[in-house]
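Peer 1: One file: start19.txt (compact mmCIF, C-alpha atoms and all ligand atoms).
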```txt
# COMPACT_ATOMS: atom_id res chain seq x y z
CA MET I 24 109.06 -35.07 -54.28
CA SER I 25 105.39 -34.40 -54.75
CA GLU I 26 104.08 -36.24 -51.66
CA ALA I 27 101.82 -34.33 -49.30
CA ARG I 28 104.19 -34.65 -46.34
CA LEU I 29 107.98 -34.52 -46.42
CA ALA I 30 110.29 -35.72 -43.64
CA LEU I 31 114.04 -35.33 -43.20
CA VAL I 32 115.65 -38.17 -41.25
CA THR I 33 119.33 -37.92 -40.33
CA GLY I 34 121.65 -40.88 -39.83
CA ALA I 35 119.29 -42.84 -42.04
CA ALA I 36 121.75 -45.05 -43.93
CA ARG I 37 121.35 -47.86 -41.43
CA GLY I 38 120.08 -48.86 -38.01
CA ILE I 39 117.31 -46.93 -36.31
CA GLY I 40 117.39 -44.08 -38.85
CA ALA I 41 116.89 -46.47 -41.76
CA ALA I 42 113.92 -48.06 -39.95
CA ILE I 43 112.39 -44.63 -39.30
CA ALA I 44 112.81 -43.66 -42.96
CA ALA I 45 111.25 -46.95 -44.10
CA ARG I 46 108.34 -46.64 -41.65
CA LEU I 47 107.54 -43.09 -42.72
CA ALA I 48 107.80 -43.98 -46.40
CA ALA I 49 105.45 -46.93 -45.85
CA GLY I 50 103.04 -44.46 -44.23
CA GLY I 51 102.96 -42.30 -47.34
CA TRP I 52 105.61 -39.73 -46.43
CA GLY I 53 108.25 -38.55 -48.82
CA VAL I 54 111.56 -38.98 -47.01
CA ILE I 55 114.96 -37.32 -47.38
CA ALA I 56 117.39 -39.78 -45.80
CA ALA I 57 120.54 -37.86 -44.89
CA ASP I 58 123.71 -39.57 -43.77
CA ARG I 59 127.44 -38.94 -43.69
CA ASP I 60 127.76 -42.25 -45.55
CA HIS I 61 125.75 -42.54 -48.73
CA PRO I 62 123.12 -45.27 -48.38
CA SER I 63 123.26 -47.74 -51.25
CA PRO I 64 119.94 -48.73 -52.87
CA ALA I 65 117.26 -46.27 -53.86
CA VAL I 66 113.94 -47.12 -52.21
CA PRO I 67 110.58 -45.75 -53.39
CA ARG I 68 109.67 -42.50 -51.59
CA ILE I 69 113.12 -42.29 -49.94
CA ARG I 70 115.78 -40.03 -51.41
CA ALA I 71 119.26 -40.58 -50.00
CA VAL I 72 121.50 -37.55 -49.63
CA GLN I 73 124.96 -37.11 -48.17
CA CYS I 74 125.43 -34.72 -45.25
CA ASP I 75 127.64 -34.52 -42.20
CA VAL I 76 125.16 -33.06 -39.73
CA ALA I 77 127.99 -31.81 -37.51
CA ASP I 78 129.09 -29.43 -40.26
CA GLU I 79 127.30 -26.06 -40.30
CA GLU I 80 127.81 -25.46 -44.03
CA GLU I 81 126.67 -28.95 -45.02
CA VAL I 82 123.52 -28.59 -42.92
CA ALA I 83 122.81 -25.19 -44.46
CA ALA I 84 123.26 -26.66 -47.95
CA LEU I 85 121.00 -29.62 -47.16
CA ILE I 86 118.15 -27.41 -45.97
CA ALA I 87 118.70 -24.99 -48.88
CA ASP I 88 118.31 -27.92 -51.30
CA ILE I 89 115.07 -29.01 -49.61
CA ARG I 90 113.81 -25.43 -49.72
CA ALA I 91 114.63 -25.12 -53.43
CA GLU I 92 113.40 -28.54 -54.54
CA ALA I 93 110.41 -29.23 -52.29
CA GLY I 94 109.66 -25.85 -50.71
CA LYS I 95 108.41 -27.57 -47.55
CA LEU I 96 109.42 -29.71 -44.61
CA ASN I 97 106.77 -31.31 -42.40
CA ALA I 98 108.96 -33.37 -40.09
CA LEU I 99 112.57 -33.44 -38.96
CA VAL I 100 113.96 -36.50 -37.20
CA CYS I 101 117.39 -35.81 -35.67
CA ASN I 102 118.71 -39.34 -35.32
CA ALA I 103 122.39 -39.25 -36.37
CA GLY I 104 124.68 -40.04 -33.49
CA PHE I 105 127.58 -42.15 -32.27
CA MET I 106 129.37 -43.14 -29.09
CA ILE I 107 133.00 -43.08 -28.03
CA ARG I 108 133.66 -45.39 -25.10
CA LYS I 109 137.01 -44.46 -23.59
CA PRO I 110 138.45 -43.85 -20.13
CA LEU I 111 138.20 -40.18 -19.25
CA ALA I 112 141.98 -39.76 -19.13
CA ASP I 113 142.29 -40.99 -22.73
CA LEU I 114 139.43 -38.95 -24.17
CA SER I 115 140.80 -36.08 -26.25
CA LEU I 116 139.07 -32.72 -26.51
CA ALA I 117 138.71 -33.35 -30.25
CA GLU I 118 136.86 -36.62 -29.55
CA TRP I 119 134.63 -34.98 -26.92
CA SER I 120 133.84 -32.16 -29.34
CA ARG I 121 133.07 -34.52 -32.23
CA VAL I 122 130.54 -36.43 -30.15
CA LEU I 123 128.88 -33.23 -28.93
CA ALA I 124 128.85 -31.79 -32.45
CA THR I 125 127.26 -34.88 -34.00
CA ASN I 126 124.82 -35.83 -31.26
CA LEU I 127 123.77 -32.41 -29.94
CA THR I 128 124.91 -29.39 -31.95
CA SER I 129 123.56 -30.95 -35.17
CA THR I 130 120.00 -30.59 -33.88
CA PHE I 131 120.57 -26.90 -33.17
CA LEU I 132 121.97 -26.46 -36.69
CA LEU I 133 119.17 -28.39 -38.39
CA VAL I 134 116.28 -26.79 -36.52
CA ARG I 135 117.74 -23.30 -36.87
CA ALA I 136 118.14 -23.76 -40.61
CA ALA I 137 114.70 -25.31 -41.13
CA GLU I 138 112.65 -23.31 -38.59
CA ASP I 139 110.68 -21.32 -41.16
CA LEU I 140 109.82 -24.41 -43.20
CA LEU I 141 108.74 -26.32 -40.10
CA ARG I 142 106.64 -23.38 -38.89
CA ALA I 143 104.98 -22.98 -42.28
CA ALA I 144 104.08 -26.69 -42.28
CA HIS I 145 102.95 -26.75 -38.62
CA GLY I 146 105.41 -29.58 -38.48
CA ALA I 147 107.09 -31.75 -35.89
CA VAL I 148 110.64 -32.41 -34.73
CA VAL I 149 111.75 -35.63 -33.06
CA THR I 150 115.17 -35.96 -31.49
CA ILE I 151 116.70 -39.35 -30.74
CA ALA I 152 118.51 -39.26 -27.41
CA SER I 153 119.15 -42.33 -25.22
CA THR I 154 118.42 -43.79 -21.82
CA ARG I 155 122.08 -42.91 -21.28
CA ALA I 156 120.84 -39.34 -20.78
CA HIS I 157 119.66 -40.67 -17.39
CA MET I 158 121.93 -43.58 -16.48
CA SER I 159 125.49 -44.58 -17.33
CA GLU I 160 128.17 -47.20 -17.65
CA PRO I 161 131.77 -46.12 -17.06
CA ASP I 162 133.73 -44.40 -19.84
CA THR I 163 130.78 -42.87 -21.67
CA GLU I 164 131.01 -39.22 -20.58
CA SER I 165 130.84 -37.52 -23.98
CA TYR I 166 127.89 -39.63 -25.15
CA ALA I 167 125.91 -39.24 -21.91
CA ALA I 168 126.52 -35.48 -21.90
CA SER I 169 125.44 -35.14 -25.52
CA LYS I 170 122.22 -37.08 -24.96
CA GLY I 171 121.39 -35.26 -21.72
CA GLY I 172 121.89 -32.02 -23.61
CA LEU I 173 119.60 -33.25 -26.36
CA VAL I 174 116.77 -33.93 -23.89
CA ALA I 175 117.10 -30.37 -22.59
CA LEU I 176 117.45 -28.88 -26.08
CA THR I 177 114.23 -30.68 -27.02
CA HIS I 178 112.10 -28.99 -24.36
CA ALA I 179 113.74 -25.62 -25.01
CA LEU I 180 112.90 -25.91 -28.71
CA ALA I 181 109.35 -27.00 -27.87
CA MET I 182 108.86 -23.72 -25.98
CA SER I 183 110.45 -21.56 -28.69
CA LEU I 184 108.76 -23.16 -31.70
CA GLY I 185 105.33 -23.85 -30.24
CA PRO I 186 102.50 -23.79 -30.92
CA ALA I 187 103.35 -24.03 -34.62
CA VAL I 188 105.90 -26.84 -34.26
CA ARG I 189 105.87 -29.72 -31.77
CA VAL I 190 109.26 -30.97 -30.57
CA ASN I 191 109.67 -34.30 -28.77
CA CYS I 192 112.44 -36.67 -27.80
CA VAL I 193 112.68 -40.46 -28.04
CA SER I 194 115.23 -42.11 -25.77
CA PRO I 195 115.88 -45.72 -26.75
CA GLY I 196 117.47 -48.33 -24.55
CA TRP I 197 119.19 -51.34 -26.08
CA ILE I 198 118.15 -51.58 -29.73
CA ASP I 199 119.68 -54.38 -31.79
CA THR I 200 120.72 -52.65 -35.01
CA ARG I 201 123.49 -54.97 -36.12
CA GLY I 202 121.92 -58.41 -35.83
CA GLU I 203 124.54 -59.38 -33.27
CA PRO I 204 124.10 -62.75 -31.55
CA LEU I 205 121.92 -62.18 -28.48
CA THR I 206 121.61 -64.55 -25.53
CA GLN I 207 118.48 -65.54 -23.66
CA ALA I 208 119.86 -63.52 -20.73
CA ASP I 209 120.14 -60.43 -22.95
CA HIS I 210 116.42 -60.66 -23.68
CA ALA I 211 115.27 -61.91 -20.27
CA GLN I 212 116.82 -59.03 -18.30
CA HIS I 213 114.33 -56.68 -19.95
CA PRO I 214 110.95 -56.37 -18.20
CA ALA I 215 109.42 -56.49 -21.70
CA GLY I 216 111.17 -59.83 -22.28
CA ARG I 217 113.33 -58.87 -25.23
CA VAL I 218 115.95 -56.53 -26.62
CA GLY I 219 114.53 -53.71 -28.73
CA ARG I 220 114.31 -53.53 -32.51
CA PRO I 221 114.72 -50.50 -34.78
CA GLU I 222 111.06 -50.91 -35.76
CA ASP I 223 110.02 -50.33 -32.12
CA VAL I 224 111.56 -46.86 -32.26
CA ALA I 225 110.26 -46.20 -35.77
CA GLY I 226 106.67 -46.84 -34.70
CA LEU I 227 106.90 -44.30 -31.89
CA VAL I 228 108.53 -41.70 -34.14
CA ALA I 229 105.81 -42.19 -36.76
CA TRP I 230 103.19 -41.47 -34.09
CA LEU I 231 105.06 -38.39 -32.86
CA VAL I 232 105.24 -36.80 -36.32
CA GLY I 233 101.63 -37.71 -37.07
CA PRO I 234 98.32 -35.99 -36.30
CA GLU I 235 97.36 -38.23 -33.35
CA SER I 236 100.06 -36.76 -31.09
CA GLY I 237 98.87 -33.16 -31.46
CA PHE I 238 98.75 -32.54 -27.68
CA VAL I 239 102.28 -33.87 -27.13
CA THR I 240 105.26 -31.51 -27.11
CA GLY I 241 108.42 -31.03 -25.08
CA ALA I 242 108.15 -34.63 -23.91
CA GLU I 243 110.68 -37.41 -23.66
CA PHE I 244 109.65 -41.01 -24.34
CA LEU I 245 111.83 -43.78 -22.95
CA ILE I 246 111.56 -46.88 -25.12
CA ASP I 247 113.72 -49.40 -23.35
CA GLY I 248 111.69 -52.51 -22.53
CA GLY I 249 111.35 -51.20 -18.99
CA MET I 250 115.06 -51.23 -18.11
CA THR I 251 115.19 -47.75 -16.57
CA ARG I 252 112.32 -48.72 -14.25
CA LYS I 253 114.03 -51.91 -13.07
CA MET I 254 115.52 -51.77 -9.59
CA ILE I 255 118.66 -53.87 -9.34
CA TYR I 256 120.38 -55.02 -6.12
CA ILE I 257 123.00 -57.73 -6.49
N1 LIG W 1 121.15 -48.77 -31.02
C1 LIG W 1 120.93 -48.45 -29.75
O1 LIG W 1 120.91 -49.33 -28.87
C2 LIG W 1 120.68 -47.03 -29.36
C3 LIG W 1 120.29 -46.77 -28.05
C4 LIG W 1 120.04 -45.45 -27.66
C5 LIG W 1 120.19 -44.42 -28.56
N2 LIG W 1 120.58 -44.69 -29.84
C6 LIG W 1 120.72 -43.55 -30.73
O2 LIG W 1 119.94 -43.79 -31.89
C7 LIG W 1 120.57 -43.16 -33.01
C8 LIG W 1 120.79 -44.18 -34.10
O3 LIG W 1 121.58 -45.24 -33.54
P1 LIG W 1 121.92 -46.57 -34.34
O4 LIG W 1 122.14 -47.63 -33.31
O5 LIG W 1 120.93 -46.80 -35.43
O6 LIG W 1 123.35 -46.18 -34.94
P2 LIG W 1 124.11 -46.68 -36.27
O7 LIG W 1 125.56 -46.49 -35.98
O8 LIG W 1 123.63 -48.05 -36.68
O9 LIG W 1 123.64 -45.63 -37.36
C9 LIG W 1 123.92 -44.28 -37.19
C10 LIG W 1 123.94 -43.62 -38.54
O10 LIG W 1 124.26 -42.22 -38.32
C11 LIG W 1 125.21 -41.84 -39.28
N3 LIG W 1 125.99 -40.71 -38.80
C12 LIG W 1 126.89 -40.70 -37.78
N4 LIG W 1 127.46 -39.50 -37.67
C13 LIG W 1 126.90 -38.72 -38.63
C14 LIG W 1 127.08 -37.38 -39.04
N5 LIG W 1 127.98 -36.58 -38.43
N6 LIG W 1 126.33 -36.91 -40.05
C15 LIG W 1 125.43 -37.70 -40.68
N7 LIG W 1 125.25 -38.99 -40.36
C16 LIG W 1 125.97 -39.49 -39.35
C17 LIG W 1 126.06 -43.07 -39.53
O11 LIG W 1 126.73 -43.01 -40.79
C18 LIG W 1 125.01 -44.18 -39.47
O12 LIG W 1 124.46 -44.46 -40.75
C19 LIG W 1 121.86 -42.53 -32.49
O13 LIG W 1 121.63 -41.18 -32.17
C20 LIG W 1 122.13 -43.32 -31.23
O14 LIG W 1 122.89 -42.57 -30.28
C21 LIG W 1 120.83 -45.97 -30.25
```
Would you mind writing the file's structure down as structure tokens?
Peer 2:
Amino acid sequence: MSEARLALVTGAARGIGAAIAARLAAGGWGVIAADRDHPSPAVPRIRAVQCDVADEEEVAALIADIRAEAGKLNALVCNAGFMIRKPLADLSLAEWSRVLATNLTSTFLLVRAAEDLLRAAHGAVVTIASTRAHMSEPDTESYAASKGGLVALTHALAMSLGPAVRVNCVSPGWIDTRGEPLTQADHAQHPAGRVGRPEDVAGLVAWLVGPESGFVTGAEFLIDGGMTRKMIYI
């Protein structure tokens, strides 16, 4: 890819990651869209690659390919993640570990492997956590722990990689990624009046990897239509 700026977006085959990849591509970035599942159609400026970001060797190979083919990386968006919702007593250690590996350890692996490229580019890292780093429903321990860890990993990385590389976190609330039927009540409960869209998150990520956010690092941005600020007494 010969574009001036190159971004790697993980978990980009669908949902929020796909919207981030599309938004960056529309803004002139070259984008490597990495996913465990191979995304189907080729889109201009977006190159789809297969990678399980929880696997140390696959991450190393992915960054080695970028190093060999492009020789640069200006932005890394660590978006891949998933949730297991299960009563604590039924949650196996293997399941707990898989969630932590995908949602948290992957960012350590990716940033460690790409640190020199990101430093050389004076680049930016954005992690995608969740409002569930701060609030919970029952039976979500592994997911909440992984996202809380990601918020903390973000500010630790910001200290270690600065001033060359800025590292920030975006924590979405309810983002409709599957086009599921939504009720008026689903929308109305949000102070912003609606459920979120992948494009809402993509716009914030585009700003965070761009030049206008140069004084922003180590920060977490909650993008949740106001839900975490809403006091509820029933
Ligand atoms: N949708 C929401 O409401 C919401 C809210 C808060 C946070 N998030 C976070 O945003 C991110 C994206 O969520 P989404 O709703 O778009 O999810 P999604 O399930 O629609 O897409 C996630 C993508 O990540 C990929 N992926 C999963 N594990 C992977 C792995 N080990 N290696 C590589 N790719 C992998 C999947 O194949 C999929 O394409 C996740 O980190 C999620 O936790 C989502």
Peer 1: Which residues are near I:Trp52? Cut-off 8 Å, all atoms listed in the file, ignore same chain within fewer than 2 positions. Put them as a compact mmCIF listing (two decimals) with C-alpha atoms, in the coordinates of the input.
Peer 2:
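The file below, result-v7.txt, is the result:
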```
# COMPACT_ATOMS: atom_id res chain seq x y z
CA GLU I 26 104.08 -36.24 -51.66
CA ALA I 27 101.82 -34.33 -49.30
CA ARG I 28 104.19 -34.65 -46.34
CA LEU I 29 107.98 -34.52 -46.42
CA ALA I 30 110.29 -35.72 -43.64
CA LEU I 47 107.54 -43.09 -42.72
CA ALA I 48 107.80 -43.98 -46.40
CA ALA I 49 105.45 -46.93 -45.85
CA GLY I 50 103.04 -44.46 -44.23
CA VAL I 54 111.56 -38.98 -47.01
CA ARG I 68 109.67 -42.50 -51.59
```
Peer 1: When you count all atoms listed in the file, which of these residues is closest to ligand LIG 1 (chain W): I:Ala91, I:Ala42, I:Ala179, I:Val232?
Peer 2: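 Ranked by minimum distance to ligand LIG 1 (chain W), first place goes to I:Ala42.
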Peer 1: Around ligand LIG 1 (chain W), out to 7 Å and counting all atoms listed in the file, which residues are there? I want them as a PDB file with C-alpha atoms, in the coordinates of the input.
Peer 2:
```pdb
ATOM      1  CA  THR I  33     119.330 -37.920 -40.330  1.00  0.00           C
ATOM      2  CA  GLY I  34     121.650 -40.880 -39.830  1.00  0.00           C
ATOM      3  CA  ALA I  35     119.290 -42.840 -42.040  1.00  0.00           C
ATOM      4  CA  ALA I  36     121.750 -45.050 -43.930  1.00  0.00           C
ATOM      5  CA  ARG I  37     121.350 -47.860 -41.430  1.00  0.00           C
ATOM      6  CA  GLY I  38     120.080 -48.860 -38.010  1.00  0.00           C
ATOM      7  CA  ILE I  39     117.310 -46.930 -36.310  1.00  0.00           C
ATOM      8  CA  GLY I  40     117.390 -44.080 -38.850  1.00  0.00           C
ATOM      9  CA  ALA I  57     120.540 -37.860 -44.890  1.00  0.00           C
ATOM     10  CA  ASP I  58     123.710 -39.570 -43.770  1.00  0.00           C
ATOM     11  CA  ARG I  59     127.440 -38.940 -43.690  1.00  0.00           C
ATOM     12  CA  ASP I  60     127.760 -42.250 -45.550  1.00  0.00           C
ATOM     13  CA  CYS I  74     125.430 -34.720 -45.250  1.00  0.00           C
ATOM     14  CA  ASP I  75     127.640 -34.520 -42.200  1.00  0.00           C
ATOM     15  CA  VAL I  76     125.160 -33.060 -39.730  1.00  0.00           C
ATOM     16  CA  ALA I  77     127.990 -31.810 -37.510  1.00  0.00           C
ATOM     17  CA  ASN I 102     118.710 -39.340 -35.320  1.00  0.00           C
ATOM     18  CA  ALA I 103     122.390 -39.250 -36.370  1.00  0.00           C
ATOM     19  CA  GLY I 104     124.680 -40.040 -33.490  1.00  0.00           C
ATOM     20  CA  PHE I 105     127.580 -42.150 -32.270  1.00  0.00           C
ATOM     21  CA  MET I 106     129.370 -43.140 -29.090  1.00  0.00           C
ATOM     22  CA  THR I 125     127.260 -34.880 -34.000  1.00  0.00           C
ATOM     23  CA  ASN I 126     124.820 -35.830 -31.260  1.00  0.00           C
ATOM     24  CA  ILE I 151     116.700 -39.350 -30.740  1.00  0.00           C
ATOM     25  CA  ALA I 152     118.510 -39.260 -27.410  1.00  0.00           C
ATOM     26  CA  SER I 153     119.150 -42.330 -25.220  1.00  0.00           C
ATOM     27  CA  THR I 154     118.420 -43.790 -21.820  1.00  0.00           C
ATOM     28  CA  SER I 194     115.230 -42.110 -25.770  1.00  0.00           C
ATOM     29  CA  PRO I 195     115.880 -45.720 -26.750  1.00  0.00           C
ATOM     30  CA  GLY I 196     117.470 -48.330 -24.550  1.00  0.00           C
ATOM     31  CA  TRP I 197     119.190 -51.340 -26.080  1.00  0.00           C
ATOM     32  CA  ILE I 198     118.150 -51.580 -29.730  1.00  0.00           C
ATOM     33  CA  ASP I 199     119.680 -54.380 -31.790  1.00  0.00           C
ATOM     34  CA  THR I 200     120.720 -52.650 -35.010  1.00  0.00           C
ATOM     35  CA  ARG I 201     123.490 -54.970 -36.120  1.00  0.00           C
TER      36      ARG I 201
END
```
Peer 1: Could you work out how far atom CA of I:Asp88 lies from atom CA of I:Arg135, giving the answer in Å with one decimal?
Peer 2: 15.2 Å
Peer 1: Just how far from atom CA of I:Gly53 is atom CA of I:Pro67, in Å to one decimal?
Peer 2: 8.8 Å
Peer 1: Stretch 71-187 of chain I near stretch 215-228 of chain I within 10 Å: what's each residue's closest atom pair and its distance in Å to one decimal, counting all atoms listed in the file, ordered by chain then ascending residue number, as CSV?
Peer 2:
```
residue,atom,partner,partner_atom,distance
I:Val100,CA,I:Val228,CA,8.1
I:Val148,CA,I:Val228,CA,9.5
I:Val149,CA,I:Val228,CA,7.0
I:Thr150,CA,I:Val228,CA,9.2
I:Ile151,CA,I:Val228,CA,9.2
```
Peer 1: For I:His213, which residue out of I:Met182, I:Val190, I:Val66, I:Ile255 is the nearest one, using all atoms listed in the file?
Peer 2: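 Using all atoms listed in the file, I:His213 sits closest to I:Ile255.
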Peer 1: What's the separation between atom CA of I:Leu133 and atom CA of I:Asn97, in Å to one decimal place?
Peer 2: 13.4 Å
Peer 1: Name the closest residue to I:Met250 among the candidates I:Val174, I:Ser183, I:Met158, I:Val193; distances are taken between atoms, counting only C-alpha atoms.
Peer 2: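 For I:Met250, the nearest of the given residues is I:Met158.
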Peer 1: Residues proximal to (116.2, -36.8, -48.7) were defined as those with any atom within 6 Å of that point in the file's coordinates, counting all atoms listed in the file. Which are they, as a PDB file with C-alpha atoms, keeping the file's coordinate frame?
Peer 2:
```pdb
ATOM      1  CA  VAL I  54     111.560 -38.980 -47.010  1.00  0.00           C
ATOM      2  CA  ILE I  55     114.960 -37.320 -47.380  1.00  0.00           C
ATOM      3  CA  ALA I  56     117.390 -39.780 -45.800  1.00  0.00           C
ATOM      4  CA  ALA I  57     120.540 -37.860 -44.890  1.00  0.00           C
ATOM      5  CA  ARG I  70     115.780 -40.030 -51.410  1.00  0.00           C
ATOM      6  CA  ALA I  71     119.260 -40.580 -50.000  1.00  0.00           C
ATOM      7  CA  VAL I  72     121.500 -37.550 -49.630  1.00  0.00           C
TER       8      VAL I  72
END
```
Peer 1: Which one is closest to I:Arg121: I:Ile43, I:Ala208, I:Ile107, I:Val239? Count only C-alpha atoms.
Peer 2: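 Using only C-alpha atoms, I:Arg121 sits closest to I:Ile107.
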Peer 1: Using only C-alpha atoms, which residue out of I:Leu231, I:Ile69, I:Thr240, I:Ser165 lies closest to I:Gly185?
Peer 2: I:Thr240
Peer 1: Name the residues in contact with stretch 137-140 of chain I at a cut-off of 9 Å, using all atoms listed in the file, excluding same-chain residues fewer than 5 positions from it; report them as a list in words.
Peer 2: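 Contacts, with the query itself left out: Ala83, Ile86, Ala87, Arg90, Gly94, Lys95, Leu96, Asn97, Leu99, Leu132, His145, Gly146, Leu184 and Val188 of chain I.
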Peer 1: Just checking: using only C-alpha atoms, which residue out of I:Glu118, I:Glu203, I:Asp209, I:Glu79 ends up closest to I:Tyr166?
Peer 2: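 Result for the nearest residue to I:Tyr166: I:Glu118.
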Peer 1: How big is the axis-aligned box around all listed atoms of stretch 186-199 of chain I once 4 Å goes on each side, and where's its centre, in Å to one decimal, as AutoDock Vina command-line options?
Peer 2:
```
--center_x 111.1 --center_y -39.1 --center_z -29.6 --size_x 25.2 --size_y 38.6 --size_z 18.1
```
Peer 1: Would you pull stretch 119-133 of chain I out of the block just shown and save N, CA and C atoms as an mmCIF file, in the first residue's frame?
Peer 2:
```cif
data_model
loop_
_atom_site.group_PDB
_atom_site.id
_atom_site.type_symbol
_atom_site.label_atom_id
_atom_site.label_comp_id
_atom_site.auth_asym_id
_atom_site.auth_seq_id
_atom_site.Cartn_x
_atom_site.Cartn_y
_atom_site.Cartn_z
ATOM 1 N N TRP I 119 -12.690 -18.140 30.537
ATOM 2 C CA TRP I 119 -12.148 -16.899 31.135
ATOM 3 C C TRP I 119 -10.874 -16.473 30.402
ATOM 4 N N SER I 120 -9.978 -17.437 30.189
ATOM 5 C CA SER I 120 -8.680 -17.141 29.587
ATOM 6 C C SER I 120 -8.829 -16.708 28.132
ATOM 7 N N ARG I 121 -9.778 -17.282 27.430
ATOM 8 C CA ARG I 121 -9.996 -16.927 26.014
ATOM 9 C C ARG I 121 -10.485 -15.480 25.905
ATOM 10 N N VAL I 122 -11.375 -15.090 26.803
ATOM 11 C CA VAL I 122 -11.865 -13.711 26.772
ATOM 12 C C VAL I 122 -10.727 -12.745 27.102
ATOM 13 N N LEU I 123 -9.961 -13.063 28.137
ATOM 14 C CA LEU I 123 -8.839 -12.174 28.510
ATOM 15 C C LEU I 123 -7.805 -12.109 27.384
ATOM 16 N N ALA I 124 -7.541 -13.254 26.756
ATOM 17 C CA ALA I 124 -6.537 -13.283 25.686
ATOM 18 C C ALA I 124 -6.979 -12.443 24.488
ATOM 19 N N THR I 125 -8.248 -12.544 24.120
ATOM 20 C CA THR I 125 -8.741 -11.823 22.941
ATOM 21 C C THR I 125 -8.920 -10.338 23.226
ATOM 22 N N ASN I 126 -9.493 -10.014 24.370
ATOM 23 C CA ASN I 126 -9.890 -8.626 24.630
ATOM 24 C C ASN I 126 -8.781 -7.788 25.260
ATOM 25 N N LEU I 127 -7.822 -8.431 25.924
ATOM 26 C CA LEU I 127 -6.804 -7.669 26.662
ATOM 27 C C LEU I 127 -5.378 -8.006 26.206
ATOM 28 N N THR I 128 -5.018 -9.277 26.287
ATOM 29 C CA THR I 128 -3.638 -9.666 25.988
ATOM 30 C C THR I 128 -3.277 -9.337 24.536
ATOM 31 N N SER I 129 -4.257 -9.391 23.643
ATOM 32 C CA SER I 129 -4.000 -9.081 22.230
ATOM 33 C C SER I 129 -3.395 -7.686 22.055
ATOM 34 N N THR I 130 -3.851 -6.733 22.852
ATOM 35 C CA THR I 130 -3.313 -5.370 22.720
ATOM 36 C C THR I 130 -1.852 -5.324 23.154
ATOM 37 N N PHE I 131 -1.540 -6.037 24.244
ATOM 38 C CA PHE I 131 -0.126 -6.163 24.640
ATOM 39 C C PHE I 131 0.693 -6.759 23.501
ATOM 40 N N LEU I 132 0.202 -7.844 22.908
ATOM 41 C CA LEU I 132 0.958 -8.515 21.841
ATOM 42 C C LEU I 132 1.146 -7.602 20.630
ATOM 43 N N LEU I 133 0.073 -6.929 20.236
ATOM 44 C CA LEU I 133 0.129 -6.080 19.040
ATOM 45 C C LEU I 133 1.048 -4.882 19.241
#
```
